[in-house]
Each structure stands twice: as structure tokens, then as C-alpha cells.
Amino acid sequence: MAWDIGAAAEEFLDATVYATEYRGDGVRRQVEGMQLLPEADRRLALERFADHYRRATHTRAVEVKLLKMIALVGEGLDDLPLAEERTAQLETVAHAHTFSYVAHHEPLVHAEVAAGRPLTPGVIATVRRSAAVGTYCPAALVDLAATLTAPVLNVGEEWAERAMADERWHELLAHARTAGSAKPSRAWEKRGRALLGRLDGDAVREAVVEWLALVGRPRTVHLERGPYEQDVDNAFDPFNADALRGLAWLLSFLPPHPGAVRALGALAESALRKVSGIGPRNPKVANAAVNSLARMEGDAALAELARLGTRVTYKRTAKLIDAALETRAAVLGLSREEIEELAVPAHGLSEVGQAEFRVGEATALLEVHGTRAVVRWRNAAGKELRSVPAAVRRDHAEELKELKATVKDITASLTAQAERLDGQFLARRRWTYGQWRARYLDHPLVGTLARRLIWTVDGTAVVHADGQLRTLTGAPLDQDTAQATVELWHPVGREPAEVVAWRNLLERYAVTQPFKQAHREVYLLTDAERNTGTYSNRFAAHVLRQHQFHSLAAARGWRNRLRLCVDDSAPPATRELPRWGLRAEYWIEGDGEEYGVDTTGSGSYLRLRTDQVRFYPIDAPHNEASTYRGAYTMRRGDGQDPVDPLPLTEIPALVLSEVLRDVDLFVGVAGIANDPTWADGGPEGRFRAYWTSYAFGELNQSAETRRVLLERLVPRLAIADRCGVEGRFLHVRGELRTYKIHLGSGNILMTPNDQYLCIVPGGSAGSGTVETGYLPFEGDRTLAVVLSKALLLAKDTEITDPTITSQIRR
């Protein structure tokens, strides 16, 4: 009987491609049997497979199986059919994060490798990512990934492609890629130092710093999200991430250099930047950068660690930074606070807030204005120039690059130092007069902040104005300061007349404080809180955006866990106050029950509801409550007795005020009532009543401070004749309508009938670009929003944005 290859091919397809039941060993035996056929028969079978594919009546899964069988049965043969189709199908893999969500493609990859055909770099990247992630990844794919040694890194990230462009660095990159542990082993370090010894260390550092500057940029190869995947396109490639760790370690083996220190700090922050549904991009990379900074000698690395200590909120990385600073403090015999103060670099500033840099024939004049650095230029004749001289751009590119980096470093340091100083109220820091002058008032960088704050010298409040320390009367400080003690002034406990007098003095000298101090909100105990005794309901019954609240809480030194819509429990948001032996708690709970409406795709609540503020001894057992909502109960260990909350009357006034100020900030910034787009009440309108009552309701303490300030500011505005503060609103008279801007939320009502006007602030709101003249302090975004809206609406006939004009003119 003649051999019928066509029938055999059909039978093979029925058993391997069209079968509804998976039979792994049976399929393998069928394939092996077809591979033993003579070449001519195999080619006839392959053509039959191709005919089935071309019918185009199959599902995608069947098409992929047909392409796979062509590759497997045709192993060892050239000129197989459907080569372009196989290549195109495999290229879809290059845009997947892992194989978890690309059905049937993994066998196709194995088939191509078995057939001796090379994989493209994009496909190799997906194989490696799948193996690196490890979740549900078959051992065969992990083994395959281990054999794929080229390219040395995965394509798709700009930094990696730039690094691979020069073959000189391939061996170094290959070694960096093996950094799979928390810290470099002795063997890894020995190998790394040997490689560095064969290369030019300066060239290595320059190259690595250049690559790290590209980390976090948009991918060069877009990744499609699977049905259950999060924002993988903005995450770090997990295969390349180990190489980043290794490069960070290698920098610590080289002599310390400001560029390397700067690059490691930026890498840590980039690695901790949050991605939707994932959280921080890659904490392991951030930890490697911190560990490398901790290994480096010199003030620059210490200063960068101290700066990161004020910026990093991710718990594990923050602990590493704390440990590094504590270790360095112990070696030097200093406190952690002293280390942070001594570590602040001058960044080339020769005087407080000023420096000159000679660049060729030109001079760069660097000055600190507020919380940012600016540069002016003069030519050889001393004439002011509008921009960077052409000769400097042409002949001194490296010096210009370093100057720009210095400006960026100063601006970043000023922000970090302002936040550190703002936290000194609860730290109870005191300095001798000599220490304070050296570390604060006369420090080239910190002095630009310290000279805009009020201090007490042996109880006498002073501010730096007209080149010297002056008291509240404006007179120079006249006392023996040799043994004096200096503290940061706080308005709690001060007479209202004194606070007002300080505001007037700062205004007279046009001092803009780096944060609210003279205008700082003070939260005194209310009668309602005396009645409740052990808790405050002042900031209860609000609805907050959970993720924004979580970030704000971390930035203000609070610990919090994201609430997930799962069967779990969590403690309240807490802030520990070791200097006072206290722990503050803000009770919160997740809002809603509908998955995907009240939660993100990963199950974390979008919104929280707020409840009480309480205080406990710092070592008291923690309270916990269900993340689904429910009463808080104290979680006690064996033998632990319950601990009652402390009476609010026993909490020091400064502590109570600062904690409630934090909570007011959370409500004021993260609350949905401050969002102009929530006028419809959100999902099913269930927040409409809350939004309306808060968005235009009574002013909280922060808004009341804003009201008092605006009463003084409005008369100085160019639109003063069109504005006035009345009660809770700034009233603005336009040509078309009259508007009321709420001083707490920034939301707007307009005549007639108090119609709502929705204006969403742009990204620059609060950046300080609004032309309002003198402001007594920096950092109040809502104040900037209110003023910018007032300036806009006073000239409502000039508004061109159709989303605004359509509301005003209807």
C-alpha cells in the first residue's frame, strides 16, 4: 500500500494542533516521528501545514501552533514555508513584558531555537525578562535564557542601548549583570576591581555616569500590557536592573567624584519613582545606589545620603539611609542631626547664596533666589549678557555642563534643607551660638534659608535683616552671645500681638520665608476636644485620595500602609515622636466595595474616609482595623496590658499643633473636595453633598491664615480695584460676571445664582510664577491657585480657553 503523506500530515495536525485535550508527551512523540521521515516527505507535510495556515479561518492560537509545528518538524531544513509569518509572529513577543500573557508563543521560541534560527534582540529580551521575573516561568525557558549571552543587555531601554553601543564596555557590563545579591560578594568585588584595573577609571566613571543619567527615560521599545499586568512600560527591565545594581557598585570602587555621587543619588530617586499598580520601580536598584554611597569616602557622598534622607519615603531604602548616616555619625562621634548639618555642601558658593566662576573670558555669577539657583553672565569687559556667551558654549562645553549640574544640585539641596528645617520644630534641636552661626546663619547654602527665619537667642527672638540680627523692634541684637543657646522660633504660646508684629517686620524688610513660620497655623485645643477627652474629631468624616494621602504622609514623617480591598487588617497612619515619647495616630478606612470602581486594578482603594486623631505613649501596642472598615482594636502581645489613649490636655501644645497641622495638610491637599472636577459627586454622585459642603464651607485653620494674608495682599495687586475678601471668599469682578473664589478649596462660584465654574489649575500652579508681588512665605499652592484664578477672571473677556468660556458665556 502506497505511503500517503497528506493523510499522515492531516492526522498529525488533528493530534497536535486541533486536539482539544493537551497531551504533552504524545505531541512530542508525534513530532519526533515526523522528524524521522525522509526530507521530501517532511517538506510535503510542511506545505500541507502551510496550506492550513493560509485558510485564515483559524483562531490566533491555532495559527501560532501551526507556525510552531512548521518550525519543529522542519528542524534542520532550510527554506521553510511561512518564514515571514513566523518572524512577524515572534516579533509580537518583543512587545510583551513576559510570556505569561502571550499564549503559545513560548513553544514557538523553543522551536526556532531548536531549528537553529537566531532570535531577534527584542524576543531575547522577553525571554530574559520572563526568566528574571520567575513567576510561572517553566524551567526550560529559564535554561534557554541562560544560553542567550548576546546582546549583553536587553534592548528597549535607552541607557542600555547607549552602553552596548561601544564594545569596550561589554565585558564590564556582563560582569555588572551578575549583581544578583543585596551587596557585592568578595568574589564579585575582586573581579570588578580587576576589570576596572585594566580600564581607564576616569573613562569608566564618565561612561557609567552618562548611562545612569538616561535611566528612567521612555522606553525605545514599547511594551504592551497584558490583561492583568500593570504599567510595565514605565517599570525597569528586570534583567537590566541587575546590571544597574552592578554599575552602582562599580562606581563605589573608584575614587570618589562629585559626578558619580550625583548620579547615584539620582539613580536612587529614579528607582523609587512610583509606577501605577507596581509601586516603586525597583527598590533593589535604589538600595544598591545607597549602599554604594555609604561605601564612598568624602563629604560629597555623606551630603548626598543626608539629602536622600530628607527625600526618600520608601521604608526599606529609608532604613538603609538611616543606618548609613548612623554608622558615619558613630565613627565621627557625632549625633545623627549633627551629621546632617555638617554634611550640607556649599556647592562652590563662596558667600551666603553667591559665587563667581571664571569660564574662559566670561564670568558666571551664581545667586540663590528663594529656593532655586540662577546664573547671570558677564563678558570680559564686565557687561551683563542676556545668555550664555557663544565662546563658552563652543570652547568650554564641559565647564558649562558642570555649572548647570551645580545649579541643579543647589536647587535640589535647597528644597531638601527647607524640608529638614521645617521638621526641626518637633525635633527640639538646640545649638550653641557658635555652632548655629557656622552651620546655619553663615553657611553658604543653608544661610540663604536660615537668614529668612526667626530664631531665639537665649529666649530673645531675632531675624537676620540688613546684614545683622535684629529683634522684634528692628534694633540690632545687643547681648553677650558667647554662651547663648539658639532655637527655632514657633508661634505656639506667643501672644497674638507678637506674631502680628513679626509678620509686619518681615514684610517691612521684604523677607519671604522658605516655609510658613510667622504665618504658621496654630491648632489649639478646642472645647469639643476637651469634651471628647482622648481624641480629636476635627478632621474626621473627610474623603481623601488614598495614594496622594499616602505620599504626603510619608513626606511628613508618617507611617502608613495602603489599604487593599482584601481580607486584611492595618494600623492607622502613625507618626512617632521619639523626642516627646509619643505616637500620634490618624484613623482611616477604605471607601467603597466595588472592585475596579472604588479600587485600582491591583485592588488598592482609591479613596479613604477619615476618623479620629489620637495620641499614645510611643511604646504602646498598635491599634489595627480591617481594611474593609471596622473598629480599631489594640493588638497586644503576650502579657501586654491594654494602653489607653492619652488625654489631649496632656499633649504639649507644640506637639498637638504640629500633628494637627499635618492632618489639616492631608485633608486640604488630598481631599476630593479640593478637586474642581468632583462637582458631579464622583461615582454615582454619592460624594456630591460632601463635596459641596466642604468645597464652599467654613474655613479651616490653614484657609483662615490665607484669608488674613489676602486681606493685606489684595490692595497691592494690579487688579485691586476689582477684588475684595469677604468671609470665606475672594470676590473678583470681571467684565462678564462676578466670581467668588473659596479661600480653602480654590473652587469658584459665579453670578447669577452661584453657578459653579470649573477651572482646573495647570501643572505650574503653585510654582511661584504668578505675578503677585511680595509673598511672605513659599509653598502654599492653594494661595497661588487662588491668586492665579483671580488674575485670570478679572480679565474674563480675554480668556480664550473654550472649556472656561463655554461656562462663563452660557
# chains A, B, ... in the order shown; residues from 1 in each chain; ligands from 1
call {"tool": "closest_atom_pairs", "arguments": {"of": "region 474-583 of chain A", "to": "region 274-298 of chain A", "cutoff": "12 Å", "atoms": "only C-alpha atoms", "output": "CSV"}}
result
residue,atom,partner,partner_atom,distance
A:His547,CA,A:Ser276,CA,10.2
A:Gln548,CA,A:Lys274,CA,11.6
A:His550,CA,A:Gly279,CA,11.7
A:Ser551,CA,A:Lys274,CA,10.1
A:Leu562,CA,A:Gly279,CA,10.7
A:Leu564,CA,A:Gly277,CA,11.9
call {"tool": "select_by_dssp", "arguments": {"residues": "region 303-397 of chain A", "states": "helix (DSSP H, G or I)", "output": "PDB file with N, CA and C atoms, in the first residue's frame"}}
result
ATOM      1  N   ALA A 303      26.904  64.041  52.096  1.00  0.00           N
ATOM      2  CA  ALA A 303      25.889  65.064  51.843  1.00  0.00           C
ATOM      3  C   ALA A 303      24.744  64.497  51.006  1.00  0.00           C
ATOM      4  N   GLU A 304      25.071  63.644  50.041  1.00  0.00           N
ATOM      5  CA  GLU A 304      24.028  63.062  49.201  1.00  0.00           C
ATOM      6  C   GLU A 304      23.152  62.105  50.010  1.00  0.00           C
ATOM      7  N   LEU A 305      23.765  61.347  50.904  1.00  0.00           N
ATOM      8  CA  LEU A 305      22.979  60.478  51.784  1.00  0.00           C
ATOM      9  C   LEU A 305      22.048  61.299  52.667  1.00  0.00           C
ATOM     10  N   ALA A 306      22.566  62.410  53.191  1.00  0.00           N
ATOM     11  CA  ALA A 306      21.731  63.269  54.031  1.00  0.00           C
ATOM     12  C   ALA A 306      20.587  63.875  53.222  1.00  0.00           C
ATOM     13  N   ARG A 307      20.865  64.248  51.977  1.00  0.00           N
ATOM     14  CA  ARG A 307      19.802  64.787  51.125  1.00  0.00           C
ATOM     15  C   ARG A 307      18.740  63.729  50.851  1.00  0.00           C
ATOM     16  N   LEU A 308      19.191  62.507  50.521  1.00  0.00           N
ATOM     17  CA  LEU A 308      18.237  61.431  50.282  1.00  0.00           C
ATOM     18  C   LEU A 308      17.421  61.128  51.542  1.00  0.00           C
ATOM     19  N   GLY A 309      18.049  61.321  52.704  1.00  0.00           N
ATOM     20  CA  GLY A 309      17.338  61.082  53.950  1.00  0.00           C
ATOM     21  C   GLY A 309      16.128  61.978  54.123  1.00  0.00           C
ATOM     22  N   THR A 310      16.153  63.156  53.501  1.00  0.00           N
ATOM     23  CA  THR A 310      15.004  64.064  53.578  1.00  0.00           C
ATOM     24  C   THR A 310      14.003  63.819  52.461  1.00  0.00           C
ATOM     25  N   ARG A 311      14.372  63.016  51.468  1.00  0.00           N
ATOM     26  CA  ARG A 311      13.522  62.842  50.295  1.00  0.00           C
ATOM     27  C   ARG A 311      12.890  61.461  50.189  1.00  0.00           C
ATOM     28  N   LYS A 315      10.158  52.663  52.854  1.00  0.00           N
ATOM     29  CA  LYS A 315      10.618  52.275  54.178  1.00  0.00           C
ATOM     30  C   LYS A 315      11.972  51.564  54.174  1.00  0.00           C
ATOM     31  N   ARG A 316      12.138  50.570  53.322  1.00  0.00           N
ATOM     32  CA  ARG A 316      13.367  49.770  53.376  1.00  0.00           C
ATOM     33  C   ARG A 316      14.582  50.579  52.958  1.00  0.00           C
ATOM     34  N   THR A 317      14.417  51.395  51.921  1.00  0.00           N
ATOM     35  CA  THR A 317      15.539  52.228  51.493  1.00  0.00           C
ATOM     36  C   THR A 317      15.825  53.302  52.528  1.00  0.00           C
ATOM     37  N   ALA A 318      14.784  53.864  53.125  1.00  0.00           N
ATOM     38  CA  ALA A 318      14.974  54.869  54.171  1.00  0.00           C
ATOM     39  C   ALA A 318      15.755  54.280  55.349  1.00  0.00           C
ATOM     40  N   LYS A 319      15.488  53.014  55.680  1.00  0.00           N
ATOM     41  CA  LYS A 319      16.227  52.362  56.766  1.00  0.00           C
ATOM     42  C   LYS A 319      17.712  52.230  56.420  1.00  0.00           C
ATOM     43  N   LEU A 320      18.004  51.911  55.154  1.00  0.00           N
ATOM     44  CA  LEU A 320      19.404  51.817  54.737  1.00  0.00           C
ATOM     45  C   LEU A 320      20.101  53.166  54.871  1.00  0.00           C
ATOM     46  N   ILE A 321      19.400  54.226  54.455  1.00  0.00           N
ATOM     47  CA  ILE A 321      19.977  55.565  54.559  1.00  0.00           C
ATOM     48  C   ILE A 321      20.215  55.918  56.017  1.00  0.00           C
ATOM     49  N   ASP A 322      19.221  55.643  56.863  1.00  0.00           N
ATOM     50  CA  ASP A 322      19.369  55.926  58.293  1.00  0.00           C
ATOM     51  C   ASP A 322      20.558  55.172  58.881  1.00  0.00           C
ATOM     52  N   ALA A 323      20.674  53.898  58.514  1.00  0.00           N
ATOM     53  CA  ALA A 323      21.772  53.084  59.050  1.00  0.00           C
ATOM     54  C   ALA A 323      23.125  53.632  58.603  1.00  0.00           C
ATOM     55  N   ALA A 324      23.211  54.050  57.333  1.00  0.00           N
ATOM     56  CA  ALA A 324      24.466  54.599  56.824  1.00  0.00           C
ATOM     57  C   ALA A 324      24.840  55.885  57.548  1.00  0.00           C
ATOM     58  N   LEU A 325      23.848  56.741  57.779  1.00  0.00           N
ATOM     59  CA  LEU A 325      24.126  58.000  58.473  1.00  0.00           C
ATOM     60  C   LEU A 325      24.465  57.749  59.941  1.00  0.00           C
ATOM     61  N   GLU A 326      23.764  56.806  60.568  1.00  0.00           N
ATOM     62  CA  GLU A 326      24.062  56.490  61.963  1.00  0.00           C
ATOM     63  C   GLU A 326      25.475  55.917  62.099  1.00  0.00           C
ATOM     64  N   THR A 327      25.859  55.062  61.150  1.00  0.00           N
ATOM     65  CA  THR A 327      27.202  54.479  61.179  1.00  0.00           C
ATOM     66  C   THR A 327      28.263  55.556  61.040  1.00  0.00           C
ATOM     67  N   ARG A 328      28.032  56.462  60.075  1.00  0.00           N
ATOM     68  CA  ARG A 328      29.006  57.543  59.878  1.00  0.00           C
ATOM     69  C   ARG A 328      29.046  58.447  61.109  1.00  0.00           C
ATOM     70  N   ALA A 329      27.905  58.686  61.733  1.00  0.00           N
ATOM     71  CA  ALA A 329      27.863  59.522  62.932  1.00  0.00           C
ATOM     72  C   ALA A 329      28.641  58.869  64.077  1.00  0.00           C
ATOM     73  N   ALA A 330      28.476  57.543  64.228  1.00  0.00           N
ATOM     74  CA  ALA A 330      29.173  56.833  65.306  1.00  0.00           C
ATOM     75  C   ALA A 330      30.683  56.896  65.110  1.00  0.00           C
ATOM     76  N   VAL A 331      31.129  56.750  63.857  1.00  0.00           N
ATOM     77  CA  VAL A 331      32.567  56.810  63.565  1.00  0.00           C
ATOM     78  C   VAL A 331      33.136  58.172  63.935  1.00  0.00           C
ATOM     79  N   LEU A 332      32.366  59.227  63.664  1.00  0.00           N
ATOM     80  CA  LEU A 332      32.835  60.587  63.929  1.00  0.00           C
ATOM     81  C   LEU A 332      32.508  61.061  65.336  1.00  0.00           C
ATOM     82  N   ARG A 336      23.197  61.968  64.872  1.00  0.00           N
ATOM     83  CA  ARG A 336      22.653  61.923  63.511  1.00  0.00           C
ATOM     84  C   ARG A 336      22.327  63.333  63.018  1.00  0.00           C
ATOM     85  N   GLU A 337      21.740  64.156  63.894  1.00  0.00           N
ATOM     86  CA  GLU A 337      21.384  65.518  63.499  1.00  0.00           C
ATOM     87  C   GLU A 337      22.623  66.332  63.131  1.00  0.00           C
ATOM     88  N   GLU A 338      23.701  66.151  63.892  1.00  0.00           N
ATOM     89  CA  GLU A 338      24.936  66.898  63.600  1.00  0.00           C
ATOM     90  C   GLU A 338      25.533  66.458  62.270  1.00  0.00           C
ATOM     91  N   ILE A 339      25.453  65.164  61.990  1.00  0.00           N
ATOM     92  CA  ILE A 339      25.954  64.666  60.711  1.00  0.00           C
ATOM     93  C   ILE A 339      25.201  65.323  59.568  1.00  0.00           C
ATOM     94  N   GLU A 340      23.881  65.400  59.684  1.00  0.00           N
ATOM     95  CA  GLU A 340      23.081  66.010  58.624  1.00  0.00           C
ATOM     96  C   GLU A 340      23.432  67.481  58.440  1.00  0.00           C
ATOM     97  N   GLU A 341      23.724  68.166  59.540  1.00  0.00           N
ATOM     98  CA  GLU A 341      24.078  69.582  59.450  1.00  0.00           C
ATOM     99  C   GLU A 341      25.454  69.771  58.831  1.00  0.00           C
ATOM    100  N   LEU A 342      26.419  68.983  59.271  1.00  0.00           N
ATOM    101  CA  LEU A 342      27.792  69.134  58.774  1.00  0.00           C
ATOM    102  C   LEU A 342      27.950  68.638  57.348  1.00  0.00           C
ATOM    103  N   ALA A 390      28.566  82.725  23.376  1.00  0.00           N
ATOM    104  CA  ALA A 390      28.804  81.702  22.353  1.00  0.00           C
ATOM    105  C   ALA A 390      30.158  81.039  22.541  1.00  0.00           C
ATOM    106  N   ALA A 391      31.163  81.813  22.951  1.00  0.00           N
ATOM    107  CA  ALA A 391      32.507  81.257  23.141  1.00  0.00           C
ATOM    108  C   ALA A 391      32.516  80.215  24.257  1.00  0.00           C
ATOM    109  N   VAL A 392      31.695  80.424  25.284  1.00  0.00           N
ATOM    110  CA  VAL A 392      31.616  79.455  26.376  1.00  0.00           C
ATOM    111  C   VAL A 392      30.967  78.166  25.878  1.00  0.00           C
ATOM    112  N   ARG A 393      29.891  78.300  25.105  1.00  0.00           N
ATOM    113  CA  ARG A 393      29.236  77.110  24.551  1.00  0.00           C
ATOM    114  C   ARG A 393      30.195  76.333  23.657  1.00  0.00           C
ATOM    115  N   ARG A 394      30.989  77.070  22.902  1.00  0.00           N
ATOM    116  CA  ARG A 394      31.850  76.425  21.905  1.00  0.00           C
ATOM    117  C   ARG A 394      33.120  75.829  22.517  1.00  0.00           C
ATOM    118  N   ASP A 395      33.787  76.597  23.382  1.00  0.00           N
ATOM    119  CA  ASP A 395      35.116  76.209  23.849  1.00  0.00           C
ATOM    120  C   ASP A 395      35.149  75.629  25.258  1.00  0.00           C
ATOM    121  N   ALA A 397      32.504  73.577  26.842  1.00  0.00           N
ATOM    122  CA  ALA A 397      31.263  72.802  26.994  1.00  0.00           C
ATOM    123  C   ALA A 397      31.243  72.007  28.299  1.00  0.00           C
TER     124      ALA A 397
END
call {"tool": "closest_residue", "arguments": {"among": "A:Leu713, A:Leu787, A:Val375, A:Ala689", "to": "Val732 (chain A)", "atoms": "only C-alpha atoms"}}
result
A:Leu787
call {"tool": "select_by_dssp", "arguments": {"residues": "region 214-459 of chain A", "states": "strand (DSSP E or B)", "output": "ChimeraX atom specification"}}
result
/A:224,274-275,279-280,351,354-359,362-369,372-378,384-385,431-432,454-457
call {"tool": "residues_around", "arguments": {"residues": "Val786 (chain A)", "least_positions_apart": "4", "cutoff": "12 Å", "atoms": "only C-alpha atoms", "output": "PyMOL selection string"}}
result
chain A and resi 674+703+706-707+710+714+723+725+729-732+739-748+759-761+765-766+770+772+780-782+790-793
call {"tool": "closest_residue", "arguments": {"among": "A:Glu529, A:Asp14, A:Ala653, A:Ala541", "to": "Tyr690 (chain A)", "atoms": "only C-alpha atoms"}}
result
A:Ala541
call {"tool": "closest_residue", "arguments": {"among": "A:Leu82, A:Leu196, A:Leu214, A:Leu525", "to": "Trp159 (chain A)", "atoms": "only C-alpha atoms"}}
result
A:Leu214
call {"tool": "closest_residue", "arguments": {"among": "A:Ala510, A:Ser657, A:Leu783, A:Leu749", "to": "Ala679 (chain A)", "atoms": "only C-alpha atoms"}}
result
A:Leu749
call {"tool": "residues_around", "arguments": {"residues": "region 43-54 of chain A", "least_positions_apart": "5", "cutoff": "9 Å", "atoms": "only C-alpha atoms", "output": "list of chain:residue names"}}
result
A:Ile5, A:Gly6, A:Ala8, A:Ala9, A:Glu10, A:Leu13, A:Met34, A:Pro38, A:Val62, A:Glu63, A:Leu66, A:Leu67, A:Met69, A:Ile70, A:Val73, A:Gly74, A:Leu77, A:Leu80, A:Pro81, A:Leu82
call {"tool": "write_last_selection", "arguments": {"atoms": "N, CA and C atoms", "output": "CSV table (one decimal), in the first residue's frame"}}
result
chain,number,residue,atom,x,y,z
A,5,ILE,N,1.4,10.7,2.4
A,5,ILE,CA,2.0,11.7,3.3
A,5,ILE,C,0.9,12.8,3.7
A,6,GLY,N,0.0,13.0,2.7
A,6,GLY,CA,-1.1,14.0,3.0
A,6,GLY,C,-1.9,13.6,4.2
A,8,ALA,N,-1.1,11.4,6.5
A,8,ALA,CA,-0.3,11.4,7.7
A,8,ALA,C,-0.2,12.8,8.3
A,9,ALA,N,-0.1,13.8,7.4
A,9,ALA,CA,0.0,15.2,7.8
A,9,ALA,C,-1.3,15.7,8.5
A,10,GLU,N,-2.4,15.3,7.9
A,10,GLU,CA,-3.7,15.6,8.5
A,10,GLU,C,-3.9,15.0,9.8
A,13,LEU,N,-1.8,16.8,12.4
A,13,LEU,CA,-2.4,18.1,12.8
A,13,LEU,C,-3.6,17.9,13.7
A,34,MET,N,7.5,12.6,12.9
A,34,MET,CA,7.5,13.3,11.7
A,34,MET,C,9.0,13.7,11.3
A,38,PRO,N,11.7,10.9,5.6
A,38,PRO,CA,12.6,11.4,4.6
A,38,PRO,C,12.4,12.9,4.3
A,62,VAL,N,-4.5,28.7,17.1
A,62,VAL,CA,-4.2,27.6,16.1
A,62,VAL,C,-3.2,28.1,15.2
A,63,GLU,N,-3.2,29.3,14.7
A,63,GLU,CA,-2.2,29.8,13.8
A,63,GLU,C,-0.8,29.7,14.4
A,66,LEU,N,0.3,26.1,14.3
A,66,LEU,CA,0.7,25.7,13.0
A,66,LEU,C,2.1,26.2,12.7
A,67,LEU,N,2.4,27.5,13.0
A,67,LEU,CA,3.8,28.0,12.8
A,67,LEU,C,4.8,27.3,13.6
A,69,MET,N,4.6,24.1,14.6
A,69,MET,CA,4.9,22.8,14.1
A,69,MET,C,5.7,22.8,12.8
A,70,ILE,N,5.6,23.9,12.0
A,70,ILE,CA,6.4,24.0,10.8
A,70,ILE,C,7.9,24.1,11.3
A,73,VAL,N,8.9,20.4,13.0
A,73,VAL,CA,9.0,19.3,12.0
A,73,VAL,C,10.1,19.6,11.0
A,74,GLY,N,10.3,20.9,10.7
A,74,GLY,CA,11.3,21.3,9.7
A,74,GLY,C,12.7,21.5,10.3
A,77,LEU,N,16.1,21.8,8.3
A,77,LEU,CA,15.9,22.1,6.9
A,77,LEU,C,15.9,23.6,6.7
A,80,LEU,N,12.1,27.0,4.9
A,80,LEU,CA,10.8,26.5,5.4
A,80,LEU,C,9.8,27.5,5.0
A,81,PRO,N,8.5,27.0,4.8
A,81,PRO,CA,7.5,27.9,4.4
A,81,PRO,C,7.1,28.9,5.5
A,82,LEU,N,6.4,30.0,5.1
A,82,LEU,CA,5.9,31.0,6.1
A,82,LEU,C,7.0,31.6,7.0
call {"tool": "atom_distance", "arguments": {"atom1": "CA of Ser350 (chain A)", "atom2": "CA of Arg378 (chain A)"}}
result
18.1 Å
call {"tool": "atom_distance", "arguments": {"atom1": "CA of Lys401 (chain A)", "atom2": "CA of Val374 (chain A)"}}
result
14.5 Å
